[in-house]
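Next comes entry_1.csv, a file with CSV, C-alpha atoms.
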```csv
chain,number,residue,atom,x,y,z
E,1,MET,CA,36.8,-55.7,7.0
E,2,GLU,CA,34.9,-52.6,5.7
E,3,PRO,CA,36.8,-49.3,5.5
E,4,THR,CA,35.6,-46.5,7.9
E,5,THR,CA,34.2,-43.5,6.0
E,6,SER,CA,33.3,-40.3,7.6
E,7,LEU,CA,30.6,-38.1,6.3
E,8,SER,CA,31.8,-34.6,5.2
E,9,ILE,CA,29.4,-32.1,6.6
E,10,THR,CA,31.4,-29.0,5.6
E,11,SER,CA,29.2,-28.2,2.6
E,12,MET,CA,26.1,-28.7,4.6
E,13,MET,CA,27.4,-26.3,7.3
E,14,ASP,CA,28.1,-23.8,4.6
E,15,MET,CA,24.5,-24.0,3.4
E,16,PHE,CA,23.0,-23.8,6.8
E,17,THR,CA,25.3,-20.8,7.7
E,18,ILE,CA,24.1,-18.9,4.7
E,19,ILE,CA,20.4,-19.7,5.5
E,20,LEU,CA,21.0,-18.7,9.1
E,21,VAL,CA,22.5,-15.3,8.2
E,22,PHE,CA,19.7,-14.7,5.8
E,23,LEU,CA,17.1,-15.4,8.4
E,24,LEU,CA,18.8,-13.4,11.1
E,25,VAL,CA,18.8,-10.4,8.9
E,26,PHE,CA,15.0,-10.6,8.6
E,27,PHE,CA,14.4,-11.6,12.2
E,28,GLU,CA,12.1,-9.4,14.1
E,29,PRO,CA,12.1,-10.1,17.8
E,30,GLU,CA,8.6,-8.5,18.1
E,31,ALA,CA,6.8,-9.8,15.1
E,32,ARG,CA,3.4,-9.0,16.6
E,33,PRO,CA,1.3,-6.8,14.4
E,34,ASP,CA,1.5,-3.1,15.4
E,35,PRO,CA,-2.1,-2.1,16.4
E,36,GLU,CA,-1.2,1.5,15.5
E,37,PHE,CA,0.0,0.8,12.0
E,38,GLN,CA,-1.5,-1.7,9.6
E,39,LEU,CA,-1.3,-1.2,5.9
E,40,PRO,CA,-4.4,-2.1,3.9
E,41,SER,CA,-4.3,-5.1,1.6
E,42,SER,CA,-4.7,-4.6,-2.2
E,43,VAL,CA,-4.7,-6.5,-5.4
E,44,ALA,CA,-2.0,-4.0,-6.7
E,45,THR,CA,1.0,-5.8,-8.0
E,46,GLN,CA,3.2,-2.8,-9.0
E,47,GLN,CA,6.2,-3.1,-6.7
E,48,ALA,CA,6.7,-0.2,-4.3
E,49,ALA,CA,9.4,2.2,-5.4
E,50,ASP,CA,11.8,4.4,-3.5
E,51,GLY,CA,10.9,7.9,-2.4
E,52,THR,CA,10.3,10.1,0.5
E,53,THR,CA,8.2,8.2,3.0
E,54,LEU,CA,5.2,9.8,4.8
E,55,ARG,CA,4.0,7.3,7.3
E,56,VAL,CA,0.7,8.0,8.9
E,57,ARG,CA,0.2,5.9,12.0
E,58,ARG,CA,-2.9,6.1,14.2
E,59,ASP,CA,-0.8,7.7,16.9
E,60,ALA,CA,1.8,9.7,15.0
E,61,ILE,CA,3.0,11.0,11.6
E,62,GLU,CA,6.6,10.2,10.5
E,63,VAL,CA,8.6,11.5,7.7
E,64,ASN,CA,11.5,9.3,6.6
E,65,GLY,CA,11.2,7.4,9.9
E,66,SER,CA,11.4,10.5,12.1
E,67,PRO,CA,8.3,11.4,14.2
E,68,VAL,CA,6.9,14.7,13.3
E,69,LEU,CA,3.4,15.0,14.9
E,70,PRO,CA,1.4,13.0,17.4
E,71,LEU,CA,-2.1,11.9,16.4
E,72,VAL,CA,-5.0,10.7,18.4
E,73,ASP,CA,-6.6,7.7,16.8
E,74,GLY,CA,-5.7,9.0,13.3
E,75,ASP,CA,-7.1,12.5,14.0
E,76,LEU,CA,-5.0,15.6,13.5
E,77,GLY,CA,-6.7,17.3,16.5
E,78,ASN,CA,-5.5,20.8,17.2
E,79,ALA,CA,-2.3,20.6,15.1
E,80,ALA,CA,-1.1,24.0,14.0
E,81,ARG,CA,-2.4,24.7,10.5
E,82,ASP,CA,-2.5,27.3,7.8
E,83,GLY,CA,-5.6,26.5,5.9
E,84,ARG,CA,-5.4,22.8,5.1
E,85,ARG,CA,-1.6,22.7,5.5
E,86,VAL,CA,-0.3,21.0,8.6
E,87,LEU,CA,2.7,23.2,9.4
E,88,ALA,CA,4.8,20.6,11.2
E,89,VAL,CA,4.4,18.1,8.4
E,90,LEU,CA,5.0,20.8,5.8
E,91,GLY,CA,8.4,21.7,7.3
E,92,ALA,CA,9.4,18.1,7.6
E,93,LEU,CA,8.4,17.4,4.0
E,94,GLU,CA,10.2,20.5,2.7
E,95,ALA,CA,13.3,19.5,4.5
E,96,ALA,CA,13.1,15.9,3.2
E,97,ARG,CA,12.6,17.1,-0.3
E,98,ALA,CA,15.5,19.4,-0.1
E,99,GLN,CA,17.8,16.5,0.7
E,100,VAL,CA,16.8,14.7,-2.5
E,101,PRO,CA,19.1,15.5,-5.4
E,102,GLY,CA,16.7,17.0,-8.0
E,103,GLY,CA,13.9,16.8,-5.6
E,104,GLU,CA,11.8,14.6,-7.9
E,105,LEU,CA,11.3,11.4,-6.0
E,106,PRO,CA,7.7,10.5,-5.4
E,107,LEU,CA,6.1,10.6,-2.0
E,108,MET,CA,5.5,7.1,-0.7
E,109,VAL,CA,2.4,7.3,1.6
E,110,GLU,CA,2.3,4.5,4.1
E,111,CYS,CA,-1.0,5.0,5.9
E,112,ASP,CA,-2.8,2.9,8.5
E,113,GLN,CA,-5.9,1.4,7.1
E,114,ALA,CA,-8.2,3.1,9.7
E,115,VAL,CA,-7.0,6.6,9.2
E,116,PRO,CA,-9.8,8.8,7.9
E,117,TRP,CA,-9.7,10.7,4.7
E,118,SER,CA,-10.1,14.0,6.6
E,119,THR,CA,-6.5,13.4,7.9
E,120,LEU,CA,-5.0,11.9,4.8
E,121,GLY,CA,-6.5,14.5,2.5
E,122,ASP,CA,-5.1,17.3,4.5
E,123,LEU,CA,-1.7,15.6,4.6
E,124,LEU,CA,-1.7,15.1,0.8
E,125,ALA,CA,-2.7,18.8,0.3
E,126,THR,CA,0.2,19.7,2.6
E,127,ALA,CA,2.6,17.5,0.6
E,128,ALA,CA,1.4,19.2,-2.6
E,129,ASP,CA,2.4,22.5,-1.0
E,130,ALA,CA,5.8,21.1,-0.1
E,131,GLY,CA,6.3,20.4,-3.8
E,132,PHE,CA,5.4,16.7,-4.1
E,133,GLN,CA,3.2,16.3,-7.2
E,134,SER,CA,3.0,12.5,-7.4
E,135,TYR,CA,2.1,10.0,-4.8
E,136,ARG,CA,2.3,6.3,-4.3
E,137,PHE,CA,0.0,4.7,-1.8
E,138,VAL,CA,2.0,1.8,-0.3
E,139,VAL,CA,-0.2,-1.3,0.3
E,140,LEU,CA,0.3,-4.9,1.1
E,141,GLY,CA,0.2,-6.5,-2.4
E,142,GLY,CA,-1.1,-9.8,-3.6
E,143,ALA,CA,-4.4,-9.7,-1.8
E,144,GLU,CA,-7.3,-11.8,-3.0
E,145,ARG,CA,-9.3,-9.8,-5.5
E,146,PRO,CA,-12.6,-8.8,-3.9
E,147,ILE,CA,-14.3,-8.7,-7.3
E,148,PRO,CA,-14.8,-12.1,-8.8
E,149,PRO,CA,-15.3,-12.3,-12.5
E,150,THR,CA,-18.9,-12.0,-13.8
E,151,GLY,CA,-20.5,-12.7,-17.1
E,152,SER,CA,-20.8,-9.0,-18.0
E,153,ALA,CA,-19.7,-7.8,-21.3
E,154,PRO,CA,-16.0,-7.1,-21.5
E,155,SER,CA,-15.0,-3.6,-21.8
E,156,GLN,CA,-12.5,-2.3,-24.3
E,157,VAL,CA,-8.9,-2.6,-23.1
E,158,PHE,CA,-6.4,0.2,-23.8
B,1,MET,CA,69.9,-36.1,16.5
B,2,GLN,CA,67.1,-34.2,15.0
B,3,ARG,CA,63.7,-34.6,16.3
B,4,ARG,CA,60.9,-35.0,13.8
B,5,ARG,CA,57.7,-33.1,14.6
B,6,VAL,CA,54.7,-35.0,13.5
B,7,GLN,CA,51.4,-33.1,13.3
B,8,ALA,CA,48.4,-35.2,13.8
B,9,ALA,CA,45.5,-34.3,11.5
B,10,VAL,CA,42.7,-33.2,13.8
B,11,GLU,CA,39.3,-32.8,12.3
B,12,LEU,CA,37.0,-30.3,13.9
B,13,ASP,CA,33.8,-31.9,15.3
B,14,LEU,CA,31.1,-29.9,13.6
B,15,ILE,CA,28.2,-32.0,14.7
B,16,PRO,CA,27.2,-29.9,17.7
B,17,VAL,CA,27.4,-26.7,15.7
B,18,LEU,CA,25.3,-28.3,13.0
B,19,SER,CA,22.8,-29.4,15.6
B,20,LEU,CA,22.5,-25.9,16.9
B,21,VAL,CA,22.0,-24.5,13.4
B,22,VAL,CA,19.4,-27.1,12.5
B,23,HIS,CA,17.4,-25.9,15.6
B,24,LEU,CA,17.8,-22.2,14.8
B,25,VAL,CA,16.8,-22.4,11.2
B,26,PRO,CA,13.2,-23.6,11.8
B,27,MET,CA,12.8,-21.2,14.7
B,28,LEU,CA,13.8,-18.3,12.6
B,29,LEU,CA,11.7,-19.5,9.6
B,30,LEU,CA,8.6,-19.4,11.8
B,31,SER,CA,9.3,-15.9,12.8
B,32,VAL,CA,9.9,-14.4,9.4
B,33,ARG,CA,7.1,-12.5,7.8
B,34,PHE,CA,7.2,-12.5,4.0
B,35,VAL,CA,5.1,-9.6,2.8
B,36,THR,CA,5.1,-7.9,-0.6
B,37,LEU,CA,4.8,-4.2,-0.7
B,38,ALA,CA,3.0,-2.8,-3.7
B,39,GLU,CA,1.8,0.6,-4.6
B,40,HIS,CA,-1.1,2.5,-6.1
B,41,PRO,CA,0.2,5.5,-8.1
B,42,VAL,CA,-1.8,8.7,-7.7
B,43,ASP,CA,-0.4,11.2,-10.1
B,44,ARG,CA,-2.1,14.4,-9.0
B,45,ALA,CA,-2.5,16.2,-5.8
B,46,PRO,CA,-6.0,16.0,-4.2
B,47,VAL,CA,-8.2,18.7,-5.6
B,48,GLU,CA,-9.2,21.4,-3.1
B,49,ALA,CA,-12.9,21.5,-2.2
B,50,THR,CA,-13.3,24.8,-3.9
B,51,GLU,CA,-11.9,23.3,-7.1
B,52,ALA,CA,-13.9,20.2,-6.9
B,53,PRO,CA,-16.9,20.1,-9.2
B,54,SER,CA,-20.3,20.8,-7.6
B,55,ARG,CA,-23.1,18.4,-7.9
B,56,GLU,CA,-24.8,20.7,-10.3
B,57,LYS,CA,-21.7,20.8,-12.4
B,58,LEU,CA,-21.3,17.1,-12.3
B,59,GLU,CA,-24.9,16.7,-13.5
B,60,ALA,CA,-24.1,18.9,-16.4
B,61,GLN,CA,-20.9,16.9,-17.1
B,62,GLU,CA,-22.4,13.5,-16.5
B,63,GLU,CA,-21.4,12.2,-19.9
B,64,GLU,CA,-17.8,13.4,-19.5
B,65,ARG,CA,-16.9,12.2,-16.0
B,66,VAL,CA,-16.9,9.0,-14.0
B,67,VAL,CA,-17.2,9.9,-10.3
B,68,VAL,CA,-17.3,7.6,-7.3
B,69,ARG,CA,-18.4,9.2,-4.1
B,70,ILE,CA,-17.7,7.2,-1.0
B,71,THR,CA,-20.1,8.0,1.8
B,72,ALA,CA,-20.9,6.6,5.2
B,73,THR,CA,-23.6,4.5,3.7
B,74,GLY,CA,-22.0,3.2,0.5
B,75,PHE,CA,-21.0,4.3,-3.0
B,76,ALA,CA,-22.6,6.8,-5.3
B,77,VAL,CA,-21.5,6.3,-8.9
B,78,ARG,CA,-22.0,8.8,-11.7
B,79,GLY,CA,-21.1,8.1,-15.3
B,80,ALA,CA,-22.1,4.5,-15.4
B,81,GLY,CA,-25.6,5.0,-16.6
B,82,ASP,CA,-28.5,7.3,-16.0
B,83,GLY,CA,-28.2,9.5,-13.0
B,84,GLU,CA,-26.4,8.5,-9.9
B,85,ALA,CA,-26.3,4.8,-8.9
B,86,GLN,CA,-26.4,4.1,-5.2
B,87,ILE,CA,-24.5,1.1,-4.0
B,88,ALA,CA,-25.3,0.5,-0.4
B,89,CYS,CA,-23.1,-1.3,2.1
B,90,ALA,CA,-23.9,-4.9,2.9
B,91,GLY,CA,-23.9,-4.3,6.7
B,92,SER,CA,-22.8,-1.6,9.1
B,93,CYS,CA,-20.4,0.0,6.6
B,94,THR,CA,-17.2,-1.2,8.1
B,95,PRO,CA,-14.5,-1.4,5.4
B,96,GLY,CA,-15.4,-5.0,4.6
B,97,ASP,CA,-19.1,-4.2,4.2
B,98,TYR,CA,-18.7,-1.9,1.2
B,99,ASP,CA,-19.9,-3.7,-2.0
B,100,TYR,CA,-16.7,-3.6,-4.1
B,101,ARG,CA,-18.2,-6.2,-6.5
B,102,ALA,CA,-21.1,-4.0,-7.4
B,103,LEU,CA,-18.8,-1.1,-7.8
B,104,GLY,CA,-16.7,-3.2,-10.1
B,105,ASP,CA,-19.8,-3.9,-12.2
B,106,ALA,CA,-20.6,-0.2,-12.3
B,107,MET,CA,-17.0,0.5,-13.4
B,108,VAL,CA,-17.3,-2.0,-16.2
B,109,ALA,CA,-20.5,-0.3,-17.3
B,110,ALA,CA,-18.8,3.1,-17.1
B,111,LYS,CA,-15.9,1.9,-19.1
B,112,GLY,CA,-18.3,0.6,-21.8
B,113,LEU,CA,-19.8,4.1,-21.9
B,114,HIS,CA,-16.5,5.9,-21.8
B,115,PRO,CA,-14.0,3.6,-23.5
B,116,ARG,CA,-11.3,6.3,-24.0
B,117,MET,CA,-11.5,7.7,-20.5
B,118,GLN,CA,-8.7,6.8,-18.1
B,119,GLN,CA,-9.6,9.1,-15.3
B,120,VAL,CA,-12.0,8.4,-12.4
B,121,ILE,CA,-12.8,10.9,-9.7
B,122,VAL,CA,-12.8,9.4,-6.3
B,123,ALA,CA,-14.5,11.7,-3.7
B,124,PRO,CA,-14.4,10.2,-0.2
B,125,ASP,CA,-16.4,11.7,2.7
B,126,PRO,CA,-14.1,13.0,5.5
B,127,GLY,CA,-14.7,10.1,7.8
B,128,VAL,CA,-14.1,7.3,5.2
B,129,PRO,CA,-11.2,5.1,6.3
B,130,TYR,CA,-8.2,4.7,4.1
B,131,ALA,CA,-8.8,1.0,3.6
B,132,VAL,CA,-12.1,1.8,1.7
B,133,ILE,CA,-10.3,4.2,-0.6
B,134,ILE,CA,-7.8,1.5,-1.5
B,135,GLY,CA,-10.6,-0.9,-2.1
B,136,VAL,CA,-12.2,1.6,-4.5
B,137,MET,CA,-8.9,2.2,-6.3
B,138,ASP,CA,-8.7,-1.6,-6.7
B,139,ALA,CA,-12.2,-1.8,-8.1
B,140,THR,CA,-11.8,1.2,-10.5
B,141,ARG,CA,-8.4,0.3,-11.8
B,142,SER,CA,-8.9,-3.2,-13.2
B,143,ARG,CA,-10.9,-6.4,-13.0
B,144,ARG,CA,-10.0,-9.9,-13.7
B,145,ALA,CA,-12.0,-11.8,-16.3
B,146,GLY,CA,-10.9,-15.4,-16.5
B,147,ASP,CA,-7.1,-15.4,-16.8
B,148,ARG,CA,-6.8,-11.9,-18.2
B,149,GLU,CA,-7.0,-8.6,-16.5
B,150,GLU,CA,-9.2,-5.8,-18.0
B,151,LEU,CA,-7.8,-2.4,-17.4
B,152,LEU,CA,-10.5,0.1,-16.5
B,153,PHE,CA,-9.6,3.6,-15.2
B,154,LEU,CA,-5.9,3.9,-14.5
B,155,HIS,CA,-5.8,7.4,-13.2
B,156,PRO,CA,-7.7,8.0,-10.0
B,157,VAL,CA,-8.0,11.6,-8.9
B,158,LEU,CA,-8.8,12.1,-5.2
B,159,VAL,CA,-11.0,15.1,-4.5
B,160,THR,CA,-12.6,16.4,-1.4
B,161,GLY,CA,-16.2,17.5,-1.4
B,162,ALA,CA,-17.1,16.6,-5.0
B,163,GLY,CA,-20.7,16.1,-5.7
B,164,GLU,CA,-21.8,17.8,-2.5
B,165,ARG,CA,-24.9,19.9,-2.9
B,166,ARG,CA,-23.9,23.5,-2.2
B,167,PRO,CA,-26.3,25.6,-0.2
```
Before we go any further, please render this structure as structure tokens.
Amino acid sequence: MEPTTSLSITSMMDMFTIILVFLLVFFEPEARPDPEFQLPSSVATQQAADGTTLRVRRDAIEVNGSPVLPLVDGDLGNAARDGRRVLAVLGALEAARAQVPGGELPLMVECDQAVPWSTLGDLLATAADAGFQSYRFVVLGGAERPIPPTGSAPSQVF
Amino acid sequence: MQRRRVQAAVELDLIPVLSLVVHLVPMLLLSVRFVTLAEHPVDRAPVEATEAPSREKLEAQEEERVVVRITATGFAVRGAGDGEAQIACAGSCTPGDYDYRALGDAMVAAKGLHPRMQQVIVAPDPGVPYAVIIGVMDATRSRRAGDREELLFLHPVLVTGAGERRP
């Protein structure tokens, strides 16, 4: 007569529980791409750092996640300005910078890929007036390089 | 007479829980989006149009600067050879139609002419989408040759209105 053995599934339960919690943390119920905000792809590999976030959607501008100014298809429209400075964004960026100890974190620019340079250029000029002197353009990294290697003479590497 | 309490060892039946978890894990795995966020550093504020070099000034400084203008019809590159090289779009100039490969070739040529230079001026027209600017920054920053990466111009400077003819 063979002895009855029961399979111990406790360790397997532990493993699945850890995986489940991990996946639940990253679960997004609405994983559909947001038509108003799509980052461009890039071959850049430098990992995005921390900083004050300026998000430029097609329908709004957000500073550190808070809506600041509505846009119409990425256009600033009749937003109140002083020269190139967009006043609503200037105030929000100055307030955000004041909250950073030392105020030296870079500005992380998360911009929709279809937003025109006319809008982005004015926002960067505004950020410069708010005291931000370095920028990081946040992109989706690891894209295929659009420039395949050619047989051209190699340039000097520094 | 003292009664002896005997506790029976009861094992919790984990099979239904395990079954539930096994169903949940693949469902969640399918919904997870794994993306890597990277960054393009831009160390200087965009230059005001009044500070940007005029076309005449750029012509005078041709040997000192590498300039990529992004227009509605393609790229115009200075500093990669004689005069201004025009690189037209392959189609209707949507972000995917710009010829980043030809721009990369021009940047390699420019780097050969200016081996010590690290700065490239990028001057987009007002209506140019952000995706094209990122494509230009990719093309001007480096290029892969075989299994190694050649560094080209590491410091892009975004300007407004550079190279425009002034009335």
Got a sec to pull out which chain B residues are within 8 Å of chain E, counting only C-alpha atoms, and send them as a VMD selection string? chain B and resid 14 18 21 to 22 24 to 25 28 to 29 31 to 33 35 to 46 48 100 to 101 104 to 105 108 to 109 111 to 112 115 to 116 124 to 131 134 to 135 138 to 139 143 to 146 150 to 152 160
Name the residues in contact with E:Glu94 at a cut-off of 10 Å, using all atoms listed in the file, excluding same-chain residues fewer than 2 positions from it; report them as a PyMOL selection string. chain E and resi 89-92+96-99+103+127+129-132
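Taking atom CA of B:Thr140 and atom CA of E:Arg57 as endpoints, the distance between them is 25.9 Å.
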May I ask for the distance between atom CA of B:Val120 and atom CA of B:Thr73, given in Å to one decimal place?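 If I compute the distance from atom CA of B:Val120 to atom CA of B:Thr73, I get 20.2 Å.
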Any idea what the distance is between atom CA of E:Ala79 and atom CA of E:Asp59? 13.1 Å
The residues within 8 Å of (-22.2, 6.8, -4.1), using all atoms listed in the file and the coordinates of the file, should be reported as a PyMOL selection string; which are they? chain B and resi 68-71+74-78+84-88
